[in-house]
Amino acid sequence: MFFCYMFLSLFFLGFLTDFHVSCCDENCADKPVFSVTRLVVEFGASASASCSVCQSACHNKLFGLEKSVGTEKRNGTTILWTIDKMNKWPSSAMCYYNTGNGSQCCSTLPVLVYQYPQTVNLSLLHHNGPLLEGQQYTLSCAVEKVAPVKNLIVEFLEGPRLLAQYWFKNSVEKKPTDKTFMHNINASKENDGASYWCQTKLDLGPEGPLQHRVVKSGTVFSTVHYKPYLRGPSHSGLITLMVGDSLHLNCSAEGNPSPLYTWTYSSATLSPFTGDVFSVASVSMEHQGQYICSASNSMGTTSVHFNVEVQANYMYIILAVAAAVVALVVLVFITVYVHYYRLNKTGKYNLKDVFRFHQRHVALPDGEL
Ligand SMILES: *[C@@H]1O[C@H](CO)[C@@H](O)[C@H](O)[C@H]1NC(C)=O
């Protein structure tokens with residue numbers, strides 16, 4: 001059988017390009033027509049396509065189908081190509097007929113044989129243990145035995161969020177290949193507890209399967225160590241309290257590992273405290289002054305400054321003045337009474353009786369005494 005079809009691979013400016021040089025004319029008038037524009041088939045699966053060799057030009061001429069796999073069945077000038085099990089990696093098939101003047105009229109059917117990855121694995125490159133805030137790390141997604149790499153899309157995800165998409169568009173490898181994709185991440189407190197994974201898709205075009213299979217890796221959980229971040233503001237204005245008020249200084253911070261707290265005060269009389277919220281139910285003058293809270297862990301320290309002013313309570317002063325006034329009035333009254341009592345010298349009467357006696361004395365008629 002006469003066949004002149006070959007591939008010439010040229011290495012040109014870093015690109016590998018397929019050129020086919022053929023003595024077969026693909027621009028002939030009555031050329032063969034395939035039932036599909038491209039045959040996309042999974043390795044190991046069955047497939048079929050047919051070629052209608054010509055309208056009239058091939059009658060009584062030699063015609064055929066060039067293929068590396070499968071069987072053909074002829075029905076007039078139509079060739080049915082059947083593949084029970086795709087076990088090769090062809091890139092095309094050719095349908096042709098001899099034109100009679102030493103050349104051929106032909107059509108090429110592109111064939112894409114694909115294979116989903118056997119495994120997809122995500123790991124952190126050269127790292128074990130917790131990540132440190134501010135450092136860069138590399139996620140490595142290893143894809144095993146996928147074909148063709150040119151159609152492979154690799155996605156890196158954090159939880160449900162897509163981080164990046166990669167592909168090797170200019171790969172020419174048709175057979176299953178192992179490929180590793182890298183993606184850098186910068187560790188921050190938001191990534192603490194995050195789950196990373198990667199997944200692969202094969203972009204097989206409109207002739208590909210309707211249901212795209214996505215192959216997923218396992219999950220890598222990250223622990224990020226980060227310095228304490230305050231839950232509240234880092235500076236409070238001047239906190240002014242009255243004697244007897246309650247005091248709450250909140251230094252609560254979030255960090256990994258959990259922060260430890262130390263408090264320093266300008267007041268010398270207070271005892272050491274190591275909690276996140278400094279509380280006093282009822283303040284006195286000794287609580288006045290500056291407070292510095294430091295929240296620290298292995299990654300660093302964050303501080304908060306508080307300035308507390310304690311004022312004497314004016315309500316107490318008003319009550320004290322009122323009590324003094326009342327005491328003074330009582331004192332004056334007693335003084336006046338004692339003075340009056342001394343003047344009368346009878347010792348029998350209280351102040352009320354003095355008035356009553358005076359009245360009676362006036363009202364009684366003379367002689368009755
Ligand atoms: C301290 O402040 C944080 C953030 O403002 C808050 O979530 C926490 O409940 C506060 N703690 C106390 C004991 O008030």
# chains A, B, ... in the order shown; residues from 1 in each chain; ligands from 1

call {"tool": "closest_atom_pairs", "arguments": {"of": "chain A", "to": "ligand 1", "cutoff": "7 Å", "atoms": "only C-alpha atoms and all ligand atoms", "output": "JSON lines"}}
result
{"residue": "A:Arg231", "atom": "CA", "partner": "ligand 1", "partner_atom_place_in_ligand_line": "4 (C)", "distance": 4.5}
{"residue": "A:Gly232", "atom": "CA", "partner": "ligand 1", "partner_atom_place_in_ligand_line": "5 (O)", "distance": 4.3}
{"residue": "A:Asn250", "atom": "CA", "partner": "ligand 1", "partner_atom_place_in_ligand_line": "1 (C)", "distance": 4.9}
{"residue": "A:Cys251", "atom": "CA", "partner": "ligand 1", "partner_atom_place_in_ligand_line": "1 (C)", "distance": 6.6}
{"residue": "A:Ser252", "atom": "CA", "partner": "ligand 1", "partner_atom_place_in_ligand_line": "1 (C)", "distance": 5.3}
{"residue": "A:Val277", "atom": "CA", "partner": "ligand 1", "partner_atom_place_in_ligand_line": "13 (C)", "distance": 5.8}

call {"tool": "write_last_selection", "arguments": {"atoms": "N, CA, C and O atoms", "output": "compact mmCIF listing (two decimals), in the first residue's frame"}}
result
# COMPACT_ATOMS: atom_id res chain seq x y z
N ARG A 231 -7.11 42.47 70.35
CA ARG A 231 -8.50 42.39 69.90
C ARG A 231 -9.13 43.78 69.96
O ARG A 231 -10.06 44.08 69.23
N GLY A 232 -8.64 44.61 70.85
CA GLY A 232 -9.17 45.97 70.98
C GLY A 232 -8.12 46.98 70.53
O GLY A 232 -7.13 46.62 69.92
N ASN A 250 -8.71 46.05 79.32
CA ASN A 250 -8.78 44.86 78.47
C ASN A 250 -7.60 44.83 77.50
O ASN A 250 -7.46 45.69 76.66
N CYS A 251 -6.78 43.85 77.63
CA CYS A 251 -5.55 43.73 76.81
C CYS A 251 -5.62 42.45 75.98
O CYS A 251 -4.64 41.97 75.46
N SER A 252 -6.81 41.89 75.86
CA SER A 252 -7.00 40.61 75.20
C SER A 252 -6.38 40.59 73.80
O SER A 252 -6.66 41.45 72.97
N VAL A 277 -7.43 40.64 81.24
CA VAL A 277 -8.26 41.79 81.63
C VAL A 277 -7.98 42.13 83.10
O VAL A 277 -8.23 41.31 83.99

call {"tool": "closest_atom_pairs", "arguments": {"of": "segment 119-140 of chain A", "to": "segment 152-172 of chain A", "cutoff": "10 Å", "atoms": "only C-alpha atoms", "output": "JSON lines"}}
result
{"residue": "A:Val120", "atom": "CA", "partner": "A:Val154", "partner_atom": "CA", "distance": 9.7}
{"residue": "A:Leu122", "atom": "CA", "partner": "A:Phe156", "partner_atom": "CA", "distance": 9.1}
{"residue": "A:Leu139", "atom": "CA", "partner": "A:Phe156", "partner_atom": "CA", "distance": 8.4}
{"residue": "A:Ser140", "atom": "CA", "partner": "A:Phe156", "partner_atom": "CA", "distance": 9.3}

call {"tool": "write_last_selection", "arguments": {"atoms": "N, CA and C atoms", "output": "PDB file, in the first residue's frame"}}
result
ATOM      1  N   VAL A 120      -2.824  12.408  42.442  1.00  0.00           N
ATOM      2  CA  VAL A 120      -2.528  13.837  42.574  1.00  0.00           C
ATOM      3  C   VAL A 120      -2.208  14.036  44.047  1.00  0.00           C
ATOM      4  N   LEU A 122      -0.557  16.656  47.132  1.00  0.00           N
ATOM      5  CA  LEU A 122      -0.083  17.989  47.527  1.00  0.00           C
ATOM      6  C   LEU A 122       0.811  17.859  48.750  1.00  0.00           C
ATOM      7  N   LEU A 139       3.959  25.268  47.863  1.00  0.00           N
ATOM      8  CA  LEU A 139       3.070  24.105  47.764  1.00  0.00           C
ATOM      9  C   LEU A 139       3.479  23.368  46.501  1.00  0.00           C
ATOM     10  N   SER A 140       3.556  22.066  46.604  1.00  0.00           N
ATOM     11  CA  SER A 140       3.981  21.274  45.462  1.00  0.00           C
ATOM     12  C   SER A 140       2.883  20.261  45.143  1.00  0.00           C
TER      13      SER A 140
END

call {"tool": "residues_around", "arguments": {"residues": "Ile185 of chain A", "least_positions_apart": "3", "cutoff": "7 Å", "atoms": "only C-alpha atoms", "output": "list in words"}}
result
Gln136, Tyr137 and Thr138 of chain A

call {"tool": "residues_around", "arguments": {"residues": "Thr302 of chain A", "least_positions_apart": "4", "cutoff": "10 Å", "atoms": "only C-alpha atoms", "output": "PyMOL selection string"}}
result
chain A and resi 227-230+234+251+253+259+261+293-297

call {"tool": "closest_atom_pairs", "arguments": {"of": "segment 59-94 of chain A", "to": "segment 144-150 of chain A", "cutoff": "12 Å", "atoms": "only C-alpha atoms", "output": "tab-separated table"}}
result
residue	atom	partner	partner_atom	distance
A:Lys88	CA	A:Ala147	CA	11.9
A:Trp89	CA	A:Ala147	CA	9.4
A:Pro90	CA	A:Pro148	CA	11.6
A:Ser91	CA	A:Pro148	CA	10.7

call {"tool": "write_last_selection", "arguments": {"atoms": "N, CA, C and O atoms", "output": "short mmCIF file (atom, residue, chain, number, x, y, z; two decimals), in the first residue's frame"}}
result
data_model
loop_
_atom_site.label_atom_id
_atom_site.label_comp_id
_atom_site.auth_asym_id
_atom_site.auth_seq_id
_atom_site.Cartn_x
_atom_site.Cartn_y
_atom_site.Cartn_z
N LYS A 88 -3.14 2.53 22.15
CA LYS A 88 -1.97 3.23 21.59
C LYS A 88 -2.19 4.73 21.75
O LYS A 88 -3.23 5.16 22.26
N TRP A 89 -1.22 5.51 21.35
CA TRP A 89 -1.30 6.96 21.53
C TRP A 89 -1.18 7.69 20.19
O TRP A 89 -0.33 8.55 20.03
N PRO A 90 -2.06 7.34 19.23
CA PRO A 90 -1.95 8.01 17.92
C PRO A 90 -2.37 9.47 18.02
O PRO A 90 -3.11 9.85 18.93
N SER A 91 -1.85 10.29 17.10
CA SER A 91 -2.28 11.69 17.11
C SER A 91 -3.19 12.01 15.92
O SER A 91 -3.79 13.06 15.88
#

call {"tool": "atom_distance", "arguments": {"atom1": "atom CA of Lys174 of chain A", "atom2": "atom CA of Ser50 of chain A"}}
result
23.5 Å

call {"tool": "residues_around", "arguments": {"residues": "Val40 of chain A", "least_positions_apart": "3", "cutoff": "12 Å", "atoms": "only C-alpha atoms", "output": "PyMOL selection string"}}
result
chain A and resi 36-37+43+45-49+86+89-92+109-115+148+151+202-210

call {"tool": "select_by_dssp", "arguments": {"residues": "segment 221-366 of chain A", "states": "helix (DSSP H, G or I)", "output": "ChimeraX atom specification"}}
result
/A:285-287,314-344,351-363

call {"tool": "closest_residue", "arguments": {"among": "A:Ser236, A:Pro272, A:Pro257, A:Leu331", "to": "Gln290 of chain A", "atoms": "only C-alpha atoms"}}
result
A:Ser236

call {"tool": "closest_residue", "arguments": {"among": "A:Leu241, A:Leu343, A:Leu270, A:Ala324", "to": "Ala312 of chain A", "atoms": "only C-alpha atoms"}}
result
A:Leu241

call {"tool": "select_by_dssp", "arguments": {"residues": "segment 145-311 of chain A", "states": "strand (DSSP E)", "output": "PyMOL selection string"}}
result
chain A and resi 145-146+152-158+161-167+177-186+195-202+215-216+220-221+224-230+235-242+247-250+253-256+260-265+277-280+289-297+300-311

call {"tool": "residues_around", "arguments": {"residues": "Leu62 of chain A", "least_positions_apart": "5", "cutoff": "9 Å", "atoms": "only C-alpha atoms", "output": "JSON, numbers by chain"}}
result
{"A": [96, 97, 98, 99, 100]}

call {"tool": "closest_residue", "arguments": {"among": "A:Val308, A:Ala320, A:Leu124, A:Ala142", "to": "Lys216 of chain A", "atoms": "only C-alpha atoms"}}
result
A:Ala142

call {"tool": "residues_around", "arguments": {"residues": "Asn307 of chain A", "least_positions_apart": "4", "cutoff": "9 Å", "atoms": "only C-alpha atoms", "output": "list in words"}}
result
Ser236, Gly237, Leu238, Ile239, Thr240, Gln288, Gly289, Gln290, Tyr291 and Ile292 of chain A

call {"tool": "write_last_selection", "arguments": {"atoms": "N, CA and C atoms", "output": "PDB file, in the first residue's frame"}}
result
ATOM      1  N   SER A 236      -5.640  53.571  74.884  1.00  0.00           N
ATOM      2  CA  SER A 236      -6.901  54.125  75.348  1.00  0.00           C
ATOM      3  C   SER A 236      -6.586  55.563  75.696  1.00  0.00           C
ATOM      4  N   GLY A 237      -7.561  56.449  75.636  1.00  0.00           N
ATOM      5  CA  GLY A 237      -7.331  57.818  76.080  1.00  0.00           C
ATOM      6  C   GLY A 237      -7.194  57.784  77.594  1.00  0.00           C
ATOM      7  N   LEU A 238      -7.202  58.952  78.206  1.00  0.00           N
ATOM      8  CA  LEU A 238      -7.132  59.007  79.671  1.00  0.00           C
ATOM      9  C   LEU A 238      -8.437  58.436  80.227  1.00  0.00           C
ATOM     10  N   ILE A 239      -8.293  57.465  81.143  1.00  0.00           N
ATOM     11  CA  ILE A 239      -9.482  56.863  81.764  1.00  0.00           C
ATOM     12  C   ILE A 239      -9.683  57.555  83.108  1.00  0.00           C
ATOM     13  N   THR A 240     -10.770  58.302  83.238  1.00  0.00           N
ATOM     14  CA  THR A 240     -11.030  59.040  84.477  1.00  0.00           C
ATOM     15  C   THR A 240     -12.123  58.342  85.276  1.00  0.00           C
ATOM     16  N   GLN A 288      -4.565  54.929  90.651  1.00  0.00           N
ATOM     17  CA  GLN A 288      -4.244  55.957  89.662  1.00  0.00           C
ATOM     18  C   GLN A 288      -2.848  55.688  89.106  1.00  0.00           C
ATOM     19  N   GLY A 289      -2.637  55.979  87.812  1.00  0.00           N
ATOM     20  CA  GLY A 289      -1.301  55.845  87.241  1.00  0.00           C
ATOM     21  C   GLY A 289      -1.304  55.211  85.871  1.00  0.00           C
ATOM     22  N   GLN A 290      -0.128  54.813  85.420  1.00  0.00           N
ATOM     23  CA  GLN A 290       0.008  54.227  84.095  1.00  0.00           C
ATOM     24  C   GLN A 290       0.104  52.698  84.191  1.00  0.00           C
ATOM     25  N   TYR A 291      -0.548  52.019  83.245  1.00  0.00           N
ATOM     26  CA  TYR A 291      -0.514  50.562  83.174  1.00  0.00           C
ATOM     27  C   TYR A 291       0.003  50.182  81.789  1.00  0.00           C
ATOM     28  N   ILE A 292       0.919  49.253  81.752  1.00  0.00           N
ATOM     29  CA  ILE A 292       1.376  48.736  80.453  1.00  0.00           C
ATOM     30  C   ILE A 292       1.163  47.222  80.466  1.00  0.00           C
TER      31      ILE A 292
END

call {"tool": "closest_residue", "arguments": {"among": "A:Thr180, A:Asn87, A:Thr200, A:Ser188", "to": "Ser123 of chain A", "atoms": "only C-alpha atoms"}}
result
A:Thr180

call {"tool": "decode", "arguments": {"residues": "segment 151-279 of chain A", "atoms": "C-alpha atoms", "output": "mmCIF file, in the first residue's frame"}}
result
data_model
loop_
_atom_site.group_PDB
_atom_site.id
_atom_site.type_symbol
_atom_site.label_atom_id
_atom_site.label_comp_id
_atom_site.auth_asym_id
_atom_site.auth_seq_id
_atom_site.Cartn_x
_atom_site.Cartn_y
_atom_site.Cartn_z
ATOM 1 C CA ASN A 151 -4.408 19.583 28.142
ATOM 2 C CA LEU A 152 -3.799 19.409 31.874
ATOM 3 C CA ILE A 153 -4.961 22.212 34.179
ATOM 4 C CA VAL A 154 -3.753 22.195 37.769
ATOM 5 C CA GLU A 155 -5.507 24.291 40.396
ATOM 6 C CA PHE A 156 -4.287 25.179 43.874
ATOM 7 C CA LEU A 157 -6.984 25.852 46.462
ATOM 8 C CA GLU A 158 -7.236 27.095 50.015
ATOM 9 C CA GLY A 159 -10.484 25.688 51.385
ATOM 10 C CA PRO A 160 -13.028 26.507 48.654
ATOM 11 C CA ARG A 161 -10.975 29.453 47.333
ATOM 12 C CA LEU A 162 -9.035 29.082 44.087
ATOM 13 C CA LEU A 163 -5.480 30.371 44.553
ATOM 14 C CA ALA A 164 -3.939 29.704 41.158
ATOM 15 C CA GLN A 165 -4.247 27.773 37.921
ATOM 16 C CA TYR A 166 -1.335 26.328 35.950
ATOM 17 C CA TRP A 167 -0.868 24.468 32.693
ATOM 18 C CA PHE A 168 1.897 23.388 30.267
ATOM 19 C CA LYS A 169 0.399 24.571 27.005
ATOM 20 C CA ASN A 170 3.519 23.941 24.933
ATOM 21 C CA SER A 171 4.183 20.371 25.977
ATOM 22 C CA VAL A 172 4.230 17.902 23.039
ATOM 23 C CA GLU A 173 4.267 14.705 25.098
ATOM 24 C CA LYS A 174 1.330 12.501 24.178
ATOM 25 C CA LYS A 175 1.988 9.581 26.533
ATOM 26 C CA PRO A 176 1.401 9.548 30.307
ATOM 27 C CA THR A 177 3.858 11.773 32.124
ATOM 28 C CA ASP A 178 4.538 12.813 35.727
ATOM 29 C CA LYS A 179 4.524 16.554 36.337
ATOM 30 C CA THR A 180 4.957 18.652 39.454
ATOM 31 C CA PHE A 181 3.515 22.130 39.791
ATOM 32 C CA MET A 182 4.624 24.700 42.399
ATOM 33 C CA HIS A 183 2.777 27.556 44.006
ATOM 34 C CA ASN A 184 4.175 29.967 46.618
ATOM 35 C CA ILE A 185 2.186 31.167 49.602
ATOM 36 C CA ASN A 186 3.024 33.805 52.209
ATOM 37 C CA ALA A 187 2.041 32.639 55.676
ATOM 38 C CA SER A 188 -0.160 35.078 57.585
ATOM 39 C CA LYS A 189 -2.421 34.791 60.615
ATOM 40 C CA GLU A 190 -5.406 34.334 58.266
ATOM 41 C CA ASN A 191 -3.836 31.098 56.991
ATOM 42 C CA ASP A 192 -3.742 29.546 60.461
ATOM 43 C CA GLY A 193 -5.888 26.418 60.297
ATOM 44 C CA ALA A 194 -6.325 26.702 56.523
ATOM 45 C CA SER A 195 -6.574 23.583 54.373
ATOM 46 C CA TYR A 196 -4.674 23.419 51.093
ATOM 47 C CA TRP A 197 -5.221 21.019 48.244
ATOM 48 C CA CYS A 198 -4.850 20.798 44.487
ATOM 49 C CA GLN A 199 -6.944 19.301 41.734
ATOM 50 C CA THR A 200 -6.501 18.518 38.066
ATOM 51 C CA LYS A 201 -8.771 18.873 35.075
ATOM 52 C CA LEU A 202 -8.236 17.889 31.470
ATOM 53 C CA ASP A 203 -9.323 20.510 28.979
ATOM 54 C CA LEU A 204 -10.435 18.217 26.146
ATOM 55 C CA GLY A 205 -12.461 20.685 24.106
ATOM 56 C CA PRO A 206 -15.995 20.366 22.723
ATOM 57 C CA GLU A 207 -15.350 16.826 21.428
ATOM 58 C CA GLY A 208 -14.323 15.690 24.928
ATOM 59 C CA PRO A 209 -16.527 13.926 27.448
ATOM 60 C CA LEU A 210 -19.585 15.740 28.742
ATOM 61 C CA GLN A 211 -18.737 14.881 32.329
ATOM 62 C CA HIS A 212 -15.328 16.307 33.196
ATOM 63 C CA ARG A 213 -13.527 14.275 35.779
ATOM 64 C CA VAL A 214 -11.679 16.258 38.423
ATOM 65 C CA VAL A 215 -8.925 14.416 40.290
ATOM 66 C CA LYS A 216 -8.284 15.853 43.751
ATOM 67 C CA SER A 217 -5.341 15.609 46.077
ATOM 68 C CA GLY A 218 -5.554 15.066 49.793
ATOM 69 C CA THR A 219 -5.622 18.068 52.125
ATOM 70 C CA VAL A 220 -2.693 19.706 53.894
ATOM 71 C CA PHE A 221 -3.711 21.592 57.034
ATOM 72 C CA SER A 222 -1.493 24.502 57.970
ATOM 73 C CA THR A 223 -0.715 25.858 61.399
ATOM 74 C CA VAL A 224 0.692 29.370 61.312
ATOM 75 C CA HIS A 225 2.562 30.822 64.256
ATOM 76 C CA TYR A 226 2.001 34.576 64.524
ATOM 77 C CA LYS A 227 2.699 37.277 67.056
ATOM 78 C CA PRO A 228 -0.115 38.556 69.309
ATOM 79 C CA TYR A 229 -2.664 40.895 67.722
ATOM 80 C CA LEU A 230 -4.791 43.010 70.064
ATOM 81 C CA ARG A 231 -8.502 42.388 69.900
ATOM 82 C CA GLY A 232 -9.167 45.972 70.978
ATOM 83 C CA PRO A 233 -7.350 49.326 70.429
ATOM 84 C CA SER A 234 -3.655 49.653 71.329
ATOM 85 C CA HIS A 235 -4.105 52.989 73.115
ATOM 86 C CA SER A 236 -6.901 54.125 75.348
ATOM 87 C CA GLY A 237 -7.331 57.818 76.080
ATOM 88 C CA LEU A 238 -7.132 59.007 79.671
ATOM 89 C CA ILE A 239 -9.482 56.863 81.764
ATOM 90 C CA THR A 240 -11.030 59.040 84.477
ATOM 91 C CA LEU A 241 -12.748 57.300 87.384
ATOM 92 C CA MET A 242 -14.249 58.281 90.726
ATOM 93 C CA VAL A 243 -13.177 56.587 93.919
ATOM 94 C CA GLY A 244 -15.430 53.521 94.222
ATOM 95 C CA ASP A 245 -15.929 53.009 90.476
ATOM 96 C CA SER A 246 -15.002 49.700 88.845
ATOM 97 C CA LEU A 247 -12.006 49.418 86.512
ATOM 98 C CA HIS A 248 -11.564 47.056 83.533
ATOM 99 C CA LEU A 249 -8.417 47.258 81.411
ATOM 100 C CA ASN A 250 -8.776 44.855 78.474
ATOM 101 C CA CYS A 251 -5.551 43.728 76.813
ATOM 102 C CA SER A 252 -7.003 40.612 75.203
ATOM 103 C CA ALA A 253 -4.848 39.510 72.244
ATOM 104 C CA GLU A 254 -4.945 36.729 69.697
ATOM 105 C CA GLY A 255 -1.768 34.860 68.833
ATOM 106 C CA ASN A 256 -0.384 31.420 68.061
ATOM 107 C CA PRO A 257 0.938 30.100 70.384
ATOM 108 C CA SER A 258 -1.519 31.670 72.878
ATOM 109 C CA PRO A 259 0.004 34.849 74.335
ATOM 110 C CA LEU A 260 1.115 35.275 77.930
ATOM 111 C CA TYR A 261 0.361 38.623 79.626
ATOM 112 C CA THR A 262 2.508 40.747 81.923
ATOM 113 C CA TRP A 263 1.350 43.993 83.519
ATOM 114 C CA THR A 264 3.559 46.787 84.813
ATOM 115 C CA TYR A 265 2.130 49.706 86.809
ATOM 116 C CA SER A 266 3.451 53.050 87.966
ATOM 117 C CA SER A 267 1.645 52.425 91.271
ATOM 118 C CA ALA A 268 4.022 50.508 93.554
ATOM 119 C CA THR A 269 1.367 49.062 95.847
ATOM 120 C CA LEU A 270 -0.412 46.805 93.334
ATOM 121 C CA SER A 271 0.389 43.099 93.254
ATOM 122 C CA PRO A 272 1.539 41.388 90.005
ATOM 123 C CA PHE A 273 -1.132 40.291 87.523
ATOM 124 C CA THR A 274 -0.865 37.981 84.502
ATOM 125 C CA GLY A 275 -4.380 37.867 83.040
ATOM 126 C CA ASP A 276 -5.696 39.536 79.883
ATOM 127 C CA VAL A 277 -8.261 41.788 81.630
ATOM 128 C CA PHE A 278 -7.153 43.778 84.698
ATOM 129 C CA SER A 279 -10.225 44.381 86.907
#
